[in-house]
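Enquirer: My structure is in model14.txt, and what it holds is compact mmCIF, C-alpha atoms:
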```txt
# COMPACT_ATOMS: atom_id res chain seq x y z
CA MET A 112 -6.55 -15.77 10.13
CA ALA A 113 -3.38 -13.83 9.31
CA ARG A 114 -3.24 -11.84 6.10
CA LEU A 115 -0.76 -10.44 3.59
CA ARG A 116 -2.19 -7.57 1.52
CA VAL A 117 -0.39 -6.40 -1.58
CA MET A 118 -1.43 -3.02 -2.99
CA SER A 119 -1.91 -2.57 -6.74
CA TRP A 120 -4.04 -0.57 -9.21
CA ARG A 121 -6.79 -3.17 -8.74
CA GLY A 122 -6.94 -2.57 -4.98
CA ASP A 123 -5.11 -4.92 -2.66
CA SER A 124 -4.74 -8.65 -3.29
CA SER A 125 -5.09 -10.71 -0.14
CA TYR A 126 -3.32 -13.95 0.88
CA GLU A 127 -4.37 -15.69 4.08
CA TRP A 128 -2.96 -18.35 6.37
CA ASP A 129 -4.06 -19.82 9.68
CA PRO A 130 -1.36 -19.71 12.40
CA LYS A 131 -3.34 -22.14 14.61
CA ARG A 132 -3.45 -24.78 11.86
CA ILE A 133 0.25 -24.21 11.12
CA ALA A 134 1.00 -24.94 14.78
CA THR A 135 -0.70 -28.33 14.39
CA GLY A 136 1.39 -29.11 11.29
CA ASP A 137 -1.51 -28.93 8.81
CA PRO A 138 0.16 -29.28 5.36
CA GLU A 139 -2.46 -27.10 3.62
CA ALA A 140 -1.90 -24.27 6.11
CA GLU A 141 1.88 -24.66 5.76
CA ALA A 142 1.57 -24.40 1.97
CA ALA A 143 -0.52 -21.22 2.37
CA VAL A 144 2.07 -19.54 4.59
CA ARG A 145 4.90 -20.60 2.25
CA GLU A 146 3.01 -19.00 -0.65
CA ALA A 147 2.53 -15.79 1.37
CA GLU A 148 6.25 -15.74 2.19
CA ARG A 149 7.13 -16.27 -1.49
CA ILE A 150 4.93 -13.31 -2.49
CA PHE A 151 6.43 -11.22 0.34
CA ARG A 152 9.97 -11.87 -0.96
CA GLU A 153 8.94 -11.28 -4.59
CA GLU A 154 7.33 -7.93 -3.73
CA ARG A 155 10.33 -6.85 -1.64
CA ALA A 156 12.60 -7.66 -4.58
CA ARG A 157 10.40 -5.35 -6.72
CA GLY A 158 11.06 -2.51 -4.27
CA SER A 159 7.91 -2.73 -2.13
CA THR A 160 8.02 -1.98 1.60
CA ALA A 161 6.23 -4.20 4.11
CA PHE A 162 4.44 -2.97 7.22
CA ARG A 163 2.99 -4.90 10.14
CA VAL A 164 -0.48 -3.58 10.96
CA THR A 165 -1.83 -4.27 14.44
CA PRO A 166 -5.04 -2.63 15.72
CA GLY A 167 -4.28 0.14 18.21
CA LYS A 168 -0.57 0.27 17.29
CA LEU A 169 1.49 2.28 14.83
CA GLY A 170 2.43 0.70 11.51
CA GLU A 171 5.80 -1.06 11.81
CA LYS A 172 8.26 -1.63 8.96
CA MET A 173 9.20 -5.28 8.40
CA ASP A 174 12.42 -6.42 6.76
CA SER A 175 11.61 -10.11 6.86
CA PHE A 176 8.44 -12.20 6.71
CA ASP A 177 6.87 -13.00 10.07
CA PRO A 178 4.17 -15.69 9.96
CA SER A 179 2.96 -14.61 13.40
CA ALA A 180 2.01 -11.11 12.12
CA GLU A 181 -1.73 -10.54 12.20
CA GLN A 182 -1.69 -8.40 9.07
CA ILE A 183 1.07 -7.35 6.67
CA VAL A 184 0.51 -4.59 4.10
CA MET A 185 2.91 -4.21 1.18
CA VAL A 186 3.30 -0.72 -0.28
CA PRO A 187 4.76 -0.35 -3.79
CA ARG A 188 7.95 1.62 -4.34
CA VAL A 189 7.52 5.37 -3.89
CA ALA A 190 9.32 8.42 -5.24
CA GLY A 191 9.28 12.16 -4.63
CA GLY A 192 6.59 13.78 -6.79
CA MET B 146 -26.50 -4.79 -59.80
CA ILE B 147 -23.90 -2.13 -58.95
CA VAL B 148 -26.39 -0.44 -56.58
CA ALA B 149 -27.02 -3.76 -54.80
CA ASP B 150 -23.26 -4.30 -54.34
CA GLN B 151 -22.91 -0.79 -52.92
CA LEU B 152 -25.80 -1.43 -50.52
CA VAL B 153 -24.19 -4.65 -49.27
CA THR B 154 -20.85 -2.83 -48.74
CA LEU B 155 -22.61 -0.02 -46.90
CA ALA B 156 -24.51 -2.48 -44.68
CA ALA B 157 -21.27 -4.33 -43.89
CA ALA B 158 -19.53 -1.06 -43.03
CA LEU B 159 -22.42 -0.05 -40.76
CA LEU B 160 -22.34 -3.43 -39.02
CA LEU B 161 -18.59 -3.12 -38.44
CA LEU B 162 -19.06 0.38 -37.04
CA LEU B 163 -21.82 -0.86 -34.74
CA LEU B 164 -19.61 -3.73 -33.55
CA PHE B 165 -16.69 -1.35 -32.93
CA PHE B 166 -18.77 1.01 -30.77
CA SER B 167 -20.35 -1.90 -28.84
CA LEU B 168 -16.88 -3.25 -28.01
CA LEU B 169 -15.70 0.22 -27.03
CA ARG B 170 -18.66 0.65 -24.71
CA LEU B 171 -18.17 -2.82 -23.19
CA SER B 172 -14.48 -2.14 -22.62
CA SER B 173 -15.05 1.20 -20.87
CA SER B 174 -17.80 -0.35 -18.74
CA VAL B 175 -15.37 -3.15 -17.66
CA THR B 176 -12.70 -0.53 -16.84
CA TYR B 177 -15.23 1.50 -14.87
CA ARG B 178 -16.39 -1.58 -12.95
CA SER B 179 -12.81 -2.64 -12.09
CA ARG B 180 -12.08 0.90 -10.87
CA ILE B 181 -15.16 0.74 -8.59
CA VAL B 182 -14.04 -2.67 -7.22
CA ALA B 183 -10.51 -1.31 -6.62
CA GLU B 184 -11.89 1.68 -4.67
CA GLN B 185 -14.15 -0.63 -2.62
CA ARG B 186 -11.14 -2.80 -1.70
CA ALA B 187 -9.12 0.30 -0.86
CA ASP B 188 -11.92 1.50 1.41
CA ALA B 189 -11.93 -1.85 3.25
CA LEU B 190 -8.15 -1.54 3.73
CA LEU B 191 -8.60 2.02 5.02
CA ARG B 192 -11.07 0.76 7.64
CA ASP B 193 -8.54 -1.87 8.76
CA VAL B 194 -5.53 0.44 8.91
CA LEU B 195 -7.00 3.73 10.21
CA THR B 196 -8.36 4.10 13.72
CA PRO B 197 -12.15 4.68 13.81
CA ALA B 198 -11.51 8.35 14.65
CA GLN B 199 -9.12 8.75 11.68
CA TYR B 200 -11.56 7.01 9.30
CA HIS B 201 -14.36 9.30 10.52
CA GLN B 202 -12.12 12.38 10.04
CA LEU B 203 -11.25 11.28 6.50
CA ARG B 204 -14.91 10.77 5.54
CA ARG B 205 -16.06 13.98 7.16
CA ARG B 206 -13.22 16.39 6.41
CA GLY B 207 -11.45 14.82 3.43
CA TYR B 208 -8.13 14.39 5.22
CA VAL B 209 -6.57 12.43 8.04
CA ASP B 210 -4.10 13.77 10.62
CA VAL B 211 -1.25 11.40 11.47
CA PRO B 212 0.95 12.44 14.42
CA SER B 213 4.69 12.16 13.89
CA PRO B 214 6.17 9.24 15.84
CA THR B 215 9.39 11.29 16.29
CA TRP B 216 8.47 14.97 16.80
CA ALA B 217 5.98 15.71 19.59
CA ASN B 218 4.27 18.73 18.00
CA ARG B 219 4.29 17.58 14.39
CA VAL B 220 1.24 16.37 12.48
CA TYR B 221 1.04 15.15 8.87
CA ARG B 222 -2.23 16.00 7.15
CA ILE B 223 -2.94 13.41 4.44
CA PRO B 224 -5.64 14.45 1.96
CA ARG B 225 -8.09 12.01 0.38
CA SER B 226 -7.42 13.72 -2.95
CA ARG B 227 -4.07 12.99 -4.60
CA ASP B 228 -2.73 16.27 -3.25
CA GLN B 229 0.40 17.07 -1.24
CA VAL B 230 0.71 16.09 2.42
CA ARG B 231 0.83 19.14 4.72
CA VAL B 232 3.16 19.20 7.68
CA TYR B 233 2.04 21.18 10.74
CA GLU B 234 4.19 21.95 13.76
CA GLY B 235 2.50 23.48 16.78
CA GLY B 236 -0.57 24.07 14.58
CA ARG B 237 1.42 26.10 12.04
CA LEU B 238 1.90 24.97 8.42
CA LEU B 239 5.60 24.14 8.06
CA GLU B 240 5.80 22.64 4.57
CA ARG B 241 4.08 20.45 1.97
CA LEU B 242 5.41 17.07 0.86
CA CYS B 243 5.00 15.24 -2.41
CA VAL B 244 5.47 11.46 -2.37
CA GLN B 245 3.95 9.21 -5.03
CA ALA B 246 3.78 5.49 -5.65
CA ILE B 247 5.52 4.56 -8.90
CA GLU B 248 2.45 2.62 -10.03
CA PRO B 249 -1.18 3.80 -10.13
CA MET B 250 -3.23 2.97 -7.04
CA PRO B 251 -6.78 3.65 -5.82
CA THR B 252 -7.13 6.86 -3.77
CA GLY B 253 -7.77 5.03 -0.49
CA ASP B 254 -4.56 2.99 -0.87
CA ILE B 255 -2.58 6.22 -1.30
CA VAL B 256 -3.83 7.42 2.10
CA VAL B 257 -2.79 4.06 3.64
CA MET B 258 0.61 4.30 1.93
CA HIS B 259 1.32 7.75 3.47
CA LYS B 260 0.14 6.70 6.92
CA LEU B 261 2.19 3.49 7.06
CA MET B 262 5.33 5.16 5.72
CA ILE B 263 5.06 8.03 8.22
CA GLU B 264 4.45 5.71 11.17
CA GLY B 265 6.84 2.94 10.25
CA ASN B 266 9.55 4.65 8.23
CA GLU B 267 9.36 8.42 8.82
CA ALA B 268 13.03 9.21 8.13
CA GLU B 269 12.95 7.47 4.74
CA TYR B 270 9.57 9.04 3.93
CA LEU B 271 11.01 12.52 4.53
CA HIS B 272 14.14 11.64 2.60
CA THR B 273 12.10 10.47 -0.42
CA ALA B 274 9.63 13.37 -0.42
CA ASN B 275 9.99 16.56 -2.39
CA HIS B 276 9.61 19.42 0.09
CA PHE B 277 7.73 22.65 -0.71
CA ARG B 278 7.87 25.61 1.69
```
Show the structure stored in the file as structure tokens.
Expert:
Amino acid sequence: MARLRVMSWRGDSSYEWDPKRIATGDPEAEAAVREAERIFREERARGSTAFRVTPGKLGEKMDSFDPSAEQIVMVPRVAGG
Amino acid sequence: MIVADQLVTLAAALLLLLLFFSLLRLSSSVTYRSRIVAEQRADALLRDVLTPAQYHQLRRRGYVDVPSPTWANRVYRIPRSRDQVRVYEGGRLLERLCVQAIEPMPTGDIVVMHKLMIEGNEAEYLHTANHFR
């Protein structure tokens, strides 16, 4: 399962989709990935930054949604303190 | 008759007071519980994002060292507390950085935020931070 995690004061909210089922054209899986992409765009519009997280690799900034990403973490807008 | 009326008013006032404090207690207990849940989720995210060695370091020492992806001798020391990030170069403290999310987040998520921004967007992270030497 692939996962989009959006950070907030409640801890992260998680949205999952199954790339294998998407490859077979499963409509439920396609709806799940569309919903994840919608949330990704909405959060980016609010100023959040997205990072691809892959075990054993450095975090990588993402400018567009990639359904093949294993895990995406969205960090809210930051400022100098 | 007047005494009875006063007693009824007093009882009603006491009941209202009791109700108010019960609601207050319930509300703070709900807030406390949601804070615990948020920290548990943040800890699960930490386990997913940090390497096992980094997670162990954070639990044991209260900070995690993230090597700079750009400068060979530079390390960012991210504290578990909401303190400033320390920048070391060649083992020497160079400066302290202050970067904050604009919305409140659990402590564990703040560690993840620093790590991901340093690894994936170091130039912007340094540009955003306030630097203290």
Enquirer: Residues of chain B no more than 9 Å from chain A, counting all atoms listed in the file: send them over as a PDB file with C-alpha atoms, in the coordinates of the input.
Expert:
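The file below, iface.pdb, is the result:
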```pdb
ATOM      1  CA  SER B 179     -12.810  -2.640 -12.090  1.00  0.00           C
ATOM      2  CA  ARG B 180     -12.080   0.900 -10.870  1.00  0.00           C
ATOM      3  CA  VAL B 182     -14.040  -2.670  -7.220  1.00  0.00           C
ATOM      4  CA  ALA B 183     -10.510  -1.310  -6.620  1.00  0.00           C
ATOM      5  CA  GLU B 184     -11.890   1.680  -4.670  1.00  0.00           C
ATOM      6  CA  GLN B 185     -14.150  -0.630  -2.620  1.00  0.00           C
ATOM      7  CA  ARG B 186     -11.140  -2.800  -1.700  1.00  0.00           C
ATOM      8  CA  ALA B 187      -9.120   0.300  -0.860  1.00  0.00           C
ATOM      9  CA  LEU B 190      -8.150  -1.540   3.730  1.00  0.00           C
ATOM     10  CA  ASP B 193      -8.540  -1.870   8.760  1.00  0.00           C
ATOM     11  CA  VAL B 194      -5.530   0.440   8.910  1.00  0.00           C
ATOM     12  CA  LEU B 195      -7.000   3.730  10.210  1.00  0.00           C
ATOM     13  CA  THR B 196      -8.360   4.100  13.720  1.00  0.00           C
ATOM     14  CA  PRO B 214       6.170   9.240  15.840  1.00  0.00           C
ATOM     15  CA  GLN B 229       0.400  17.070  -1.240  1.00  0.00           C
ATOM     16  CA  LEU B 242       5.410  17.070   0.860  1.00  0.00           C
ATOM     17  CA  CYS B 243       5.000  15.240  -2.410  1.00  0.00           C
ATOM     18  CA  VAL B 244       5.470  11.460  -2.370  1.00  0.00           C
ATOM     19  CA  GLN B 245       3.950   9.210  -5.030  1.00  0.00           C
ATOM     20  CA  ALA B 246       3.780   5.490  -5.650  1.00  0.00           C
ATOM     21  CA  ILE B 247       5.520   4.560  -8.900  1.00  0.00           C
ATOM     22  CA  GLU B 248       2.450   2.620 -10.030  1.00  0.00           C
ATOM     23  CA  PRO B 249      -1.180   3.800 -10.130  1.00  0.00           C
ATOM     24  CA  MET B 250      -3.230   2.970  -7.040  1.00  0.00           C
ATOM     25  CA  PRO B 251      -6.780   3.650  -5.820  1.00  0.00           C
ATOM     26  CA  GLY B 253      -7.770   5.030  -0.490  1.00  0.00           C
ATOM     27  CA  ASP B 254      -4.560   2.990  -0.870  1.00  0.00           C
ATOM     28  CA  VAL B 257      -2.790   4.060   3.640  1.00  0.00           C
ATOM     29  CA  MET B 258       0.610   4.300   1.930  1.00  0.00           C
ATOM     30  CA  LYS B 260       0.140   6.700   6.920  1.00  0.00           C
ATOM     31  CA  LEU B 261       2.190   3.490   7.060  1.00  0.00           C
ATOM     32  CA  MET B 262       5.330   5.160   5.720  1.00  0.00           C
ATOM     33  CA  ILE B 263       5.060   8.030   8.220  1.00  0.00           C
ATOM     34  CA  GLU B 264       4.450   5.710  11.170  1.00  0.00           C
ATOM     35  CA  GLY B 265       6.840   2.940  10.250  1.00  0.00           C
ATOM     36  CA  ASN B 266       9.550   4.650   8.230  1.00  0.00           C
ATOM     37  CA  TYR B 270       9.570   9.040   3.930  1.00  0.00           C
ATOM     38  CA  HIS B 272      14.140  11.640   2.600  1.00  0.00           C
ATOM     39  CA  THR B 273      12.100  10.470  -0.420  1.00  0.00           C
ATOM     40  CA  ALA B 274       9.630  13.370  -0.420  1.00  0.00           C
ATOM     41  CA  ASN B 275       9.990  16.560  -2.390  1.00  0.00           C
ATOM     42  CA  HIS B 276       9.610  19.420   0.090  1.00  0.00           C
TER      43      HIS B 276
END
```
Enquirer: To one decimal in Å, tell me the separation between CA of Thr154 (chain B) and CA of Arg170 (chain B).
Expert: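 Distance reported for this atom pair: 24.4 Å.
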Enquirer: What does the structure give for the distance between CA of Arg155 (chain A) and CA of Ser175 (chain A), in Å to one decimal?
Expert: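 Pair CA of Arg155 (chain A) / CA of Ser175 (chain A) returns 9.2 Å.
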Enquirer: Hey, can you check how far CA of Val153 (chain B) sits from CA of Phe165 (chain B)?
Expert: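 CA of Phe165 (chain B) lies 18.3 Å from CA of Val153 (chain B).
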Enquirer: Please determine, counting all atoms listed in the file, which residue among B:Glu267, B:Ala217, B:Val256, B:Val230 has the shortest atom-to-atom distance to Arg192 (chain B).
Expert: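 Distance minimum relative to Arg192 (chain B) lands on B:Val256.
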Enquirer: Applying 7 Å and all atoms listed in the file, which residues near Asp129 (chain A) remain after dropping the ones on its own chain fewer than 2 positions away? List them as a PyMOL selection string.
Expert: chain A and resi 112-113+127+131-133+140
Enquirer: Ranking A:Glu139, A:Phe151, A:Val144, A:Gly158 by minimum distance to Ile183 (chain A) and counting all atoms listed in the file, which one comes first?
Expert: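 When distances to Ile183 (chain A) are compared using all atoms listed in the file, the smallest one comes from A:Phe151.
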Enquirer: I want to know what sits within 10 Å of Arg206 (chain B), based on all atoms listed in the file, with residues of the same chain fewer than 4 positions away left out; could you give that as a PyMOL selection string?
Expert: chain B and resi 200-202+224-225
